[in-house]
>>> print(open('my_file06.cif').read())   # mmCIF, C-alpha atoms
data_protein
loop_
_atom_site.group_PDB
_atom_site.id
_atom_site.type_symbol
_atom_site.label_atom_id
_atom_site.label_comp_id
_atom_site.auth_asym_id
_atom_site.auth_seq_id
_atom_site.Cartn_x
_atom_site.Cartn_y
_atom_site.Cartn_z
ATOM 1 C CA MET A 15 56.153 110.621 121.567
ATOM 2 C CA PRO A 16 52.892 112.514 122.117
ATOM 3 C CA ARG A 17 52.060 113.669 125.612
ATOM 4 C CA ARG A 18 49.433 111.460 127.207
ATOM 5 C CA LYS A 19 46.622 112.786 129.349
ATOM 6 C CA PRO A 20 44.836 110.906 132.061
ATOM 7 C CA LEU A 21 41.621 109.201 130.953
ATOM 8 C CA THR A 22 39.723 111.184 133.594
ATOM 9 C CA GLU A 23 40.110 114.313 131.425
ATOM 10 C CA LEU A 24 38.497 112.706 128.385
ATOM 11 C CA THR A 25 34.973 113.955 129.079
ATOM 12 C CA LYS A 26 36.203 117.525 129.679
ATOM 13 C CA ASP A 27 38.159 117.449 126.428
ATOM 14 C CA ILE A 28 35.188 116.096 124.467
ATOM 15 C CA GLU A 29 32.881 118.714 125.993
ATOM 16 C CA LYS A 30 35.290 121.523 125.025
ATOM 17 C CA LYS A 31 35.397 120.250 121.445
ATOM 18 C CA LEU A 32 31.619 119.903 121.298
ATOM 19 C CA VAL A 33 31.179 123.492 122.509
ATOM 20 C CA LYS A 34 33.693 124.699 119.891
ATOM 21 C CA GLY A 35 31.959 122.645 117.193
ATOM 22 C CA ARG A 36 28.556 124.017 118.108
ATOM 23 C CA LYS A 37 29.892 127.562 118.045
ATOM 24 C CA GLN A 38 31.467 126.980 114.622
ATOM 25 C CA ALA A 39 28.241 125.357 113.359
ATOM 26 C CA ALA A 40 26.247 128.439 114.397
ATOM 27 C CA LYS A 41 28.698 130.655 112.479
ATOM 28 C CA ASN A 42 28.474 128.433 109.388
ATOM 29 C CA ILE A 43 24.668 128.398 109.492
ATOM 30 C CA VAL A 44 24.350 132.187 109.847
ATOM 31 C CA THR A 45 26.809 132.694 106.981
ATOM 32 C CA SER A 46 24.873 130.288 104.731
ATOM 33 C CA LEU A 47 21.506 131.842 105.599
ATOM 34 C CA THR A 48 22.942 135.266 104.784
ATOM 35 C CA GLU A 49 24.382 134.057 101.472
ATOM 36 C CA LYS A 50 21.337 132.068 100.341
ATOM 37 C CA GLY A 51 18.605 134.403 101.588
ATOM 38 C CA PRO A 52 17.035 137.383 99.843
ATOM 39 C CA TRP A 53 19.124 140.503 99.559
ATOM 40 C CA TRP A 54 17.588 143.758 98.525
ATOM 41 C CA THR A 55 18.068 146.526 101.073
ATOM 42 C CA GLY A 56 20.380 144.370 103.195
ATOM 43 C CA THR A 57 18.130 144.504 106.250
ATOM 44 C CA PHE A 58 17.211 140.813 106.208
ATOM 45 C CA GLY A 59 20.680 139.487 105.387
ATOM 46 C CA GLU A 60 22.376 141.638 108.010
ATOM 47 C CA ASN A 61 20.012 140.600 110.799
ATOM 48 C CA TRP A 62 20.763 136.902 111.208
ATOM 49 C CA ILE A 63 22.104 136.428 114.723
ATOM 50 C CA VAL A 64 23.011 133.766 117.256
ATOM 51 C CA SER A 65 21.559 134.340 120.701
ATOM 52 C CA LYS A 66 21.079 132.730 124.109
ATOM 53 C CA ASN A 67 17.373 133.578 123.792
ATOM 54 C CA PRO A 68 14.758 133.220 121.050
ATOM 55 C CA VAL A 69 15.237 135.976 118.472
ATOM 56 C CA LYS A 70 12.443 138.521 118.078
ATOM 57 C CA ALA A 71 11.754 140.088 114.675
ATOM 58 C CA ARG A 72 11.586 143.812 115.494
ATOM 59 C CA ARG A 73 13.971 145.626 113.163
ATOM 60 C CA LYS A 74 12.498 147.888 110.513
ATOM 61 C CA ARG A 75 13.494 147.547 106.904
ATOM 62 C CA LYS A 76 16.016 149.981 105.486
ATOM 63 C CA PRO A 77 14.592 152.292 102.833
ATOM 64 C CA ASP A 78 13.907 150.573 99.535
ATOM 65 C CA PHE A 79 16.048 150.972 96.479
ATOM 66 C CA PRO A 80 14.371 151.982 93.209
ATOM 67 C CA SER A 81 12.736 148.901 91.683
ATOM 68 C CA TYR A 82 14.993 148.978 88.624
ATOM 69 C CA LEU A 83 18.085 148.563 90.821
ATOM 70 C CA ILE A 84 18.659 144.976 91.845
ATOM 71 C CA PRO A 85 21.600 145.050 94.237
ATOM 72 C CA ASP A 86 24.595 142.903 93.408
ATOM 73 C CA PRO A 87 24.552 140.100 96.012
ATOM 74 C CA THR A 88 28.293 139.583 95.601
ATOM 75 C CA ALA A 89 28.904 143.126 96.847
ATOM 76 C CA ARG A 90 27.276 142.484 100.215
ATOM 77 C CA GLN A 91 29.313 142.363 103.380
ATOM 78 C CA ILE A 92 28.984 139.047 105.210
ATOM 79 C CA LYS A 93 30.314 139.505 108.707
ATOM 80 C CA ASN A 94 31.665 136.802 110.959
ATOM 81 C CA PRO A 95 28.702 136.323 113.318
ATOM 82 C CA ARG A 96 29.204 136.729 117.045
ATOM 83 C CA VAL A 97 28.286 133.604 118.990
ATOM 84 C CA PRO A 98 27.746 133.934 122.736
ATOM 85 C CA ASN A 99 29.689 131.630 125.026
ATOM 86 C CA VAL A 100 27.374 129.014 126.442
ATOM 87 C CA ALA A 101 27.824 125.721 128.228
ATOM 88 C CA LEU A 102 27.008 122.534 126.381
ATOM 89 C CA ASN A 103 23.684 122.190 128.206
ATOM 90 C CA GLN A 104 22.529 125.729 127.299
ATOM 91 C CA ASP A 105 20.470 126.553 124.225
ATOM 92 C CA LEU A 106 21.650 128.597 121.263
ATOM 93 C CA PHE A 107 19.111 130.212 118.937
ATOM 94 C CA ILE A 108 19.620 131.352 115.354
ATOM 95 C CA GLY A 109 17.087 133.842 114.087
ATOM 96 C CA ASN A 110 16.494 136.964 112.085
ATOM 97 C CA ARG A 111 15.627 140.318 113.681
ATOM 98 C CA ALA A 112 13.998 141.856 110.563
ATOM 99 C CA LYS A 113 10.259 142.476 111.005
ATOM 100 C CA TYR A 114 9.502 140.803 107.690
ATOM 101 C CA ALA A 115 11.620 137.683 108.360
ATOM 102 C CA GLY A 116 8.589 135.377 108.157
ATOM 103 C CA PHE A 117 7.795 136.771 104.703
ATOM 104 C CA ALA A 118 11.397 136.394 103.518
ATOM 105 C CA ILE A 119 11.553 132.720 104.488
ATOM 106 C CA ASN A 120 8.142 132.164 102.857
ATOM 107 C CA ALA A 121 6.596 130.979 106.125
ATOM 108 C CA PRO A 122 2.933 129.961 105.805
ATOM 109 C CA GLY A 123 0.589 132.909 106.228
ATOM 110 C CA GLN A 124 3.353 135.541 106.232
ATOM 111 C CA THR A 125 2.705 138.365 103.798
ATOM 112 C CA ARG A 126 3.780 141.903 102.913
ATOM 113 C CA PRO A 127 2.027 144.520 100.823
ATOM 114 C CA SER A 128 2.919 144.456 97.142
ATOM 115 C CA ILE A 129 3.401 147.610 95.067
ATOM 116 C CA SER A 130 -0.368 147.586 94.434
ATOM 117 C CA GLY A 131 -1.035 147.304 98.186
ATOM 118 C CA GLN A 132 -2.292 143.714 97.999
ATOM 119 C CA GLU A 133 -0.897 141.316 100.643
ATOM 120 C CA VAL A 134 1.346 138.683 99.005
ATOM 121 C CA THR A 135 3.596 135.851 100.141
ATOM 122 C CA TYR A 136 7.251 135.706 99.133
ATOM 123 C CA ALA A 137 6.360 133.079 96.510
ATOM 124 C CA GLN A 138 3.639 135.344 95.060
ATOM 125 C CA HIS A 139 6.080 138.257 95.095
ATOM 126 C CA GLY A 140 8.451 136.064 93.068
ATOM 127 C CA GLN A 141 5.831 135.678 90.353
ATOM 128 C CA GLN A 142 6.043 139.423 89.653
ATOM 129 C CA PHE A 143 9.695 140.190 90.458
ATOM 130 C CA SER A 144 13.095 138.558 90.356
ATOM 131 C CA LEU A 145 13.896 137.004 93.721
ATOM 132 C CA THR A 146 17.348 137.644 95.137
ATOM 133 C CA SER A 147 17.419 134.436 97.188
ATOM 134 C CA THR A 148 19.311 131.373 96.021
ATOM 135 C CA GLY A 149 16.802 128.618 95.331
ATOM 136 C CA GLY A 150 13.673 130.660 94.737
ATOM 137 C CA PRO A 151 10.907 131.253 97.265
ATOM 138 C CA ASP A 152 11.578 127.953 99.068
ATOM 139 C CA TRP A 153 15.268 128.734 99.694
ATOM 140 C CA TYR A 154 14.864 128.474 103.496
ATOM 141 C CA ASN A 155 13.133 125.079 103.421
ATOM 142 C CA ILE A 156 15.691 123.819 100.913
ATOM 143 C CA TYR A 157 18.497 124.873 103.262
ATOM 144 C CA THR A 158 16.970 123.669 106.541
ATOM 145 C CA LYS A 159 15.182 120.531 105.328
ATOM 146 C CA GLY A 160 17.162 119.640 102.243
ATOM 147 C CA GLY A 161 20.372 118.632 103.960
ATOM 148 C CA PHE A 162 22.449 121.764 103.437
ATOM 149 C CA ILE A 163 22.259 122.680 107.121
ATOM 150 C CA HIS A 164 23.608 119.219 107.952
ATOM 151 C CA LYS A 165 26.554 119.825 105.638
ATOM 152 C CA ASP A 166 27.348 123.093 107.457
ATOM 153 C CA ILE A 167 27.166 121.321 110.825
ATOM 154 C CA THR A 168 29.400 118.481 109.633
ATOM 155 C CA LEU A 169 31.973 120.918 108.216
ATOM 156 C CA ALA A 170 31.961 122.871 111.495
ATOM 157 C CA PHE A 171 32.704 119.807 113.596
ATOM 158 C CA GLN A 172 35.386 118.661 111.156
ATOM 159 C CA LYS A 173 36.976 122.110 111.432
ATOM 160 C CA VAL A 174 37.365 121.735 115.207
ATOM 161 C CA GLY A 175 38.873 118.271 114.957
ATOM 162 C CA PHE A 176 36.065 115.734 114.694
ATOM 163 C CA THR A 177 36.425 113.494 111.675
ATOM 164 C CA ASN A 178 34.279 110.917 110.013
ATOM 165 C CA LYS A 179 37.201 108.484 109.842
ATOM 166 C CA VAL A 180 37.168 105.358 111.942
ATOM 167 C CA VAL A 181 40.448 104.663 113.696
ATOM 168 C CA VAL A 182 41.088 101.036 114.563
#
>>> encode(input="my_file06.cif", output="C-alpha coordinates")
Amino acid sequence: MPRRKPLTELTKDIEKKLVKGRKQAAKNIVTSLTEKGPWWTGTFGENWIVSKNPVKARRKRKPDFPSYLIPDPTARQIKNPRVPNVALNQDLFIGNRAKYAGFAINAPGQTRPSISGQEVTYAQHGQQFSLTSTGGPDWYNIYTKGGFIHKDITLAFQKVGFTNKVVV
(Lines of atoms letter the chains of each structure in order from A and count residues from 1; the text may use other names and numbers.)
(Lines give C-alpha, C1' and ligand atoms only; values in the text may rest on other atoms or scores of the structure.)
Protein backbone atom coordinates (compact mmCIF):
# COMPACT_ATOMS: atom_id res chain seq x y z
CA MET A 1 0.00 0.00 0.00
CA PRO A 2 1.38 3.44 -0.88
CA ARG A 3 2.62 5.65 1.92
CA ARG A 4 0.13 8.38 2.71
CA LYS A 5 1.13 11.93 3.53
CA PRO A 6 -0.82 14.35 5.63
CA LEU A 7 -3.09 16.69 3.65
CA THR A 8 -1.26 19.66 5.18
CA GLU A 9 1.74 18.88 2.94
CA LEU A 10 -0.29 19.04 -0.26
CA THR A 11 0.42 22.69 -1.03
CA LYS A 12 4.17 22.22 -0.46
CA ASP A 13 4.20 19.20 -2.76
CA ILE A 14 2.27 21.04 -5.48
CA GLU A 15 4.58 24.05 -5.20
CA LYS A 16 7.67 21.82 -5.57
CA LYS A 17 6.19 20.24 -8.70
CA LEU A 18 5.24 23.62 -10.14
CA VAL A 19 8.79 24.91 -9.61
CA LYS A 20 10.21 21.78 -11.28
CA GLY A 21 7.73 22.11 -14.15
CA ARG A 22 8.60 25.75 -14.69
CA LYS A 23 12.30 24.94 -14.69
CA GLN A 24 11.76 22.14 -17.22
CA ALA A 25 9.56 24.44 -19.36
CA ALA A 26 12.35 27.04 -19.48
CA LYS A 27 14.80 24.35 -20.64
CA ASN A 28 12.37 23.13 -23.31
CA ILE A 29 11.74 26.67 -24.58
CA VAL A 30 15.45 27.56 -24.81
CA THR A 31 16.15 24.29 -26.65
CA SER A 32 13.32 24.94 -29.14
CA LEU A 33 14.38 28.55 -29.73
CA THR A 34 17.93 27.35 -30.37
CA GLU A 35 16.75 24.65 -32.78
CA LYS A 36 14.23 26.78 -34.68
CA GLY A 37 16.18 30.05 -34.78
CA PRO A 38 18.76 31.21 -37.32
CA TRP A 39 22.14 29.57 -37.20
CA TRP A 40 25.04 30.99 -39.10
CA THR A 41 28.01 31.84 -36.90
CA GLY A 42 26.39 30.24 -33.85
CA THR A 43 26.36 33.46 -31.84
CA PHE A 44 22.58 33.84 -31.77
CA GLY A 45 21.77 30.18 -31.13
CA GLU A 46 24.33 29.86 -28.35
CA ASN A 47 23.11 32.94 -26.49
CA TRP A 48 19.61 31.95 -25.40
CA ILE A 49 19.59 31.96 -21.61
CA VAL A 50 17.28 31.74 -18.62
CA SER A 51 17.84 34.43 -16.02
CA LYS A 52 16.40 35.94 -12.84
CA ASN A 53 16.63 39.33 -14.57
CA PRO A 54 15.68 40.68 -18.00
CA VAL A 55 18.30 39.62 -20.54
CA LYS A 56 20.34 42.35 -22.21
CA ALA A 57 21.55 41.92 -25.80
CA ARG A 58 25.25 42.83 -25.54
CA ARG A 59 27.26 40.00 -27.06
CA LYS A 60 29.09 40.64 -30.31
CA ARG A 61 28.67 38.34 -33.26
CA LYS A 62 31.37 35.80 -33.96
CA PRO A 63 33.25 36.40 -37.20
CA ASP A 64 31.24 35.60 -40.29
CA PHE A 65 31.77 32.54 -42.40
CA PRO A 66 32.28 32.99 -46.15
CA SER A 67 28.89 33.55 -47.79
CA TYR A 68 29.12 30.34 -49.82
CA LEU A 69 29.35 28.26 -46.63
CA ILE A 70 25.97 27.68 -45.05
CA PRO A 71 26.67 25.87 -41.79
CA ASP A 72 24.97 22.54 -41.22
CA PRO A 73 22.37 23.20 -38.50
CA THR A 74 22.43 19.54 -37.47
CA ALA A 75 26.10 19.88 -36.52
CA ARG A 76 25.43 22.55 -33.91
CA GLN A 77 25.84 21.84 -30.24
CA ILE A 78 22.64 22.42 -28.26
CA LYS A 79 23.53 22.55 -24.60
CA ASN A 80 21.22 21.81 -21.71
CA PRO A 81 20.44 25.35 -20.53
CA ARG A 82 21.16 26.33 -16.95
CA VAL A 83 18.06 27.51 -15.11
CA PRO A 84 18.55 29.44 -11.87
CA ASN A 85 16.74 28.22 -8.78
CA VAL A 86 13.89 30.56 -7.99
CA ALA A 87 10.83 30.40 -5.78
CA LEU A 88 7.44 30.07 -7.40
CA ASN A 89 6.69 33.77 -6.86
CA GLN A 90 9.94 34.93 -8.54
CA ASP A 91 10.22 35.78 -12.22
CA LEU A 92 12.23 33.85 -14.78
CA PHE A 93 13.27 35.52 -18.04
CA ILE A 94 14.24 33.86 -21.31
CA GLY A 95 16.21 36.02 -23.69
CA ASN A 96 19.06 36.21 -26.13
CA ARG A 97 22.33 38.01 -25.36
CA ALA A 98 23.38 38.54 -29.01
CA LYS A 99 23.43 42.22 -30.02
CA TYR A 100 21.45 41.48 -33.16
CA ALA A 101 18.75 39.39 -31.41
CA GLY A 102 15.99 41.82 -32.41
CA PHE A 103 17.01 41.44 -36.06
CA ALA A 104 17.13 37.64 -35.82
CA ILE A 105 13.60 37.41 -34.43
CA ASN A 106 12.40 39.87 -37.09
CA ALA A 107 11.21 42.36 -34.48
CA PRO A 108 9.60 45.49 -35.97
CA GLY A 109 12.16 48.16 -36.77
CA GLN A 110 15.19 45.95 -36.08
CA THR A 111 17.71 45.99 -38.91
CA ARG A 112 21.31 45.10 -39.76
CA PRO A 113 23.48 46.26 -42.64
CA SER A 114 23.31 44.06 -45.72
CA ILE A 115 26.36 43.24 -47.84
CA SER A 116 25.70 46.47 -49.78
CA GLY A 117 25.56 48.44 -46.51
CA GLN A 118 21.81 49.09 -46.70
CA GLU A 119 19.85 48.49 -43.47
CA VAL A 120 17.50 45.49 -43.87
CA THR A 121 15.14 43.50 -41.67
CA TYR A 122 15.51 39.74 -41.28
CA ALA A 123 12.61 39.26 -43.72
CA GLN A 124 14.31 41.51 -46.30
CA HIS A 125 17.57 39.63 -45.74
CA GLY A 126 15.65 36.43 -46.51
CA GLN A 127 14.68 37.78 -49.92
CA GLN A 128 18.36 37.78 -50.93
CA PHE A 129 19.75 34.82 -48.97
CA SER A 130 18.67 31.45 -47.65
CA LEU A 131 17.48 31.77 -44.07
CA THR A 132 18.75 29.20 -41.59
CA SER A 133 15.74 29.51 -39.29
CA THR A 134 12.94 26.95 -39.33
CA GLY A 135 9.79 28.67 -40.54
CA GLY A 136 11.27 31.58 -42.45
CA PRO A 137 11.58 35.13 -41.17
CA ASP A 138 8.55 34.78 -38.87
CA TRP A 139 9.95 31.71 -37.06
CA TYR A 140 9.87 33.47 -33.65
CA ASN A 141 6.25 34.62 -33.94
CA ILE A 142 5.25 31.17 -35.19
CA TYR A 143 6.89 29.59 -32.14
CA THR A 144 5.67 32.07 -29.51
CA LYS A 145 2.22 32.88 -30.90
CA GLY A 146 1.45 29.80 -32.94
CA GLY A 147 1.08 27.36 -30.08
CA PHE A 148 4.46 25.64 -30.19
CA ILE A 149 5.57 27.30 -26.96
CA HIS A 150 2.43 25.94 -25.29
CA LYS A 151 3.34 22.44 -26.45
CA ASP A 152 6.81 22.79 -24.87
CA ILE A 153 5.25 23.99 -21.61
CA THR A 154 2.73 21.15 -21.57
CA LEU A 155 5.44 18.55 -22.25
CA ALA A 156 7.58 20.02 -19.45
CA PHE A 157 4.82 19.74 -16.88
CA GLN A 158 3.95 16.23 -18.04
CA LYS A 159 7.62 15.29 -17.62
CA VAL A 160 7.56 16.29 -13.94
CA GLY A 161 4.37 14.38 -13.22
CA PHE A 162 1.41 16.56 -14.17
CA THR A 163 -0.94 14.83 -16.57
CA ASN A 164 -3.93 15.87 -18.57
CA LYS A 165 -5.87 12.81 -17.39
CA VAL A 166 -8.82 13.24 -15.09
CA VAL A 167 -8.87 10.79 -12.21
CA VAL A 168 -12.29 10.08 -10.74
>>> resolve_selection(input="my_file06.cif", expression="the PyMOL selection byres ((chain A and resi 115-117) around 12)", output="MDAnalysis selection string")
chainID A and resid 47 51:53 57:62 69:75 109:114 118:128 133:140 151:152 154
>>> atom_distance(input="my_file06.cif", atom1="atom CA of Leu106 of chain A", atom2="atom CA of Ile63 of chain A")
10.2 Å
>>> atom_distance(input="my_file06.cif", atom1="atom CA of Ala40 of chain A", atom2="atom CA of Val64 of chain A")
6.9 Å
>>> atom_distance(input="my_file06.cif", atom1="atom CA of Arg17 of chain A", atom2="atom CA of Asn178 of chain A")
23.8 Å
>>> closest_residue(input="my_file06.cif", among="A:Lys31, A:Lys26, A:Arg90, A:Arg18", to="Gly175 of chain A", atoms="only C-alpha atoms")
A:Lys31
>>> axis_aligned_box(input="my_file06.cif", around="segment 127-133 of chain A", padding_each_side="8 Å", output="JSON")
{"center_x": 0.6, "center_y": 144.5, "center_z": 97.6, "size_x": 21.7, "size_y": 22.3, "size_z": 22.4}
>>> resolve_selection(input="my_file06.cif", expression="the PyMOL selection byres ((chain A and resi 33) around 10)", output="list in words")
Ile28, Glu29, Lys30, Lys31, Leu32, Lys34, Gly35, Arg36, Lys37, Gln38, Ala39, Asn99, Val100, Ala101, Leu102, Asn103, Phe171 and Val174 of chain A
>>> write_last_selection(input="my_file06.cif", atoms="C-alpha atoms", output="mmCIF file, in the coordinates of the input")
data_model
loop_
_atom_site.group_PDB
_atom_site.id
_atom_site.type_symbol
_atom_site.label_atom_id
_atom_site.label_comp_id
_atom_site.auth_asym_id
_atom_site.auth_seq_id
_atom_site.Cartn_x
_atom_site.Cartn_y
_atom_site.Cartn_z
ATOM 1 C CA ILE A 28 35.188 116.096 124.467
ATOM 2 C CA GLU A 29 32.881 118.714 125.993
ATOM 3 C CA LYS A 30 35.290 121.523 125.025
ATOM 4 C CA LYS A 31 35.397 120.250 121.445
ATOM 5 C CA LEU A 32 31.619 119.903 121.298
ATOM 6 C CA LYS A 34 33.693 124.699 119.891
ATOM 7 C CA GLY A 35 31.959 122.645 117.193
ATOM 8 C CA ARG A 36 28.556 124.017 118.108
ATOM 9 C CA LYS A 37 29.892 127.562 118.045
ATOM 10 C CA GLN A 38 31.467 126.980 114.622
ATOM 11 C CA ALA A 39 28.241 125.357 113.359
ATOM 12 C CA ASN A 99 29.689 131.630 125.026
ATOM 13 C CA VAL A 100 27.374 129.014 126.442
ATOM 14 C CA ALA A 101 27.824 125.721 128.228
ATOM 15 C CA LEU A 102 27.008 122.534 126.381
ATOM 16 C CA ASN A 103 23.684 122.190 128.206
ATOM 17 C CA PHE A 171 32.704 119.807 113.596
ATOM 18 C CA VAL A 174 37.365 121.735 115.207
#
>>> closest_residue(input="my_file06.cif", among="A:Ser144, A:Lys93, A:Phe107, A:Phe162", to="Thr45 of chain A", atoms="all atoms listed in the file")
A:Lys93
>>> residues_near_point(input="my_file06.cif", point="(18.9, 133.9, 96.4)", cutoff="6 Å", atoms="only C-alpha atoms", output="list in words")
Lys50, Gly51, Pro52, Thr146, Ser147, Thr148 and Gly149 of chain A
>>> write_last_selection(input="my_file06.cif", atoms="C-alpha atoms", output="PDB file, in the coordinates of the input")
ATOM      1  CA  LYS A  50      21.337 132.068 100.341  1.00  0.00           C
ATOM      2  CA  GLY A  51      18.605 134.403 101.588  1.00  0.00           C
ATOM      3  CA  PRO A  52      17.035 137.383  99.843  1.00  0.00           C
ATOM      4  CA  THR A 146      17.348 137.644  95.137  1.00  0.00           C
ATOM      5  CA  SER A 147      17.419 134.436  97.188  1.00  0.00           C
ATOM      6  CA  THR A 148      19.311 131.373  96.021  1.00  0.00           C
ATOM      7  CA  GLY A 149      16.802 128.618  95.331  1.00  0.00           C
TER       8      GLY A 149
END
>>> closest_residue(input="my_file06.cif", among="A:Thr168, A:Ser130, A:Thr25, A:Gln91", to="Ile43 of chain A", atoms="only C-alpha atoms")
A:Thr168
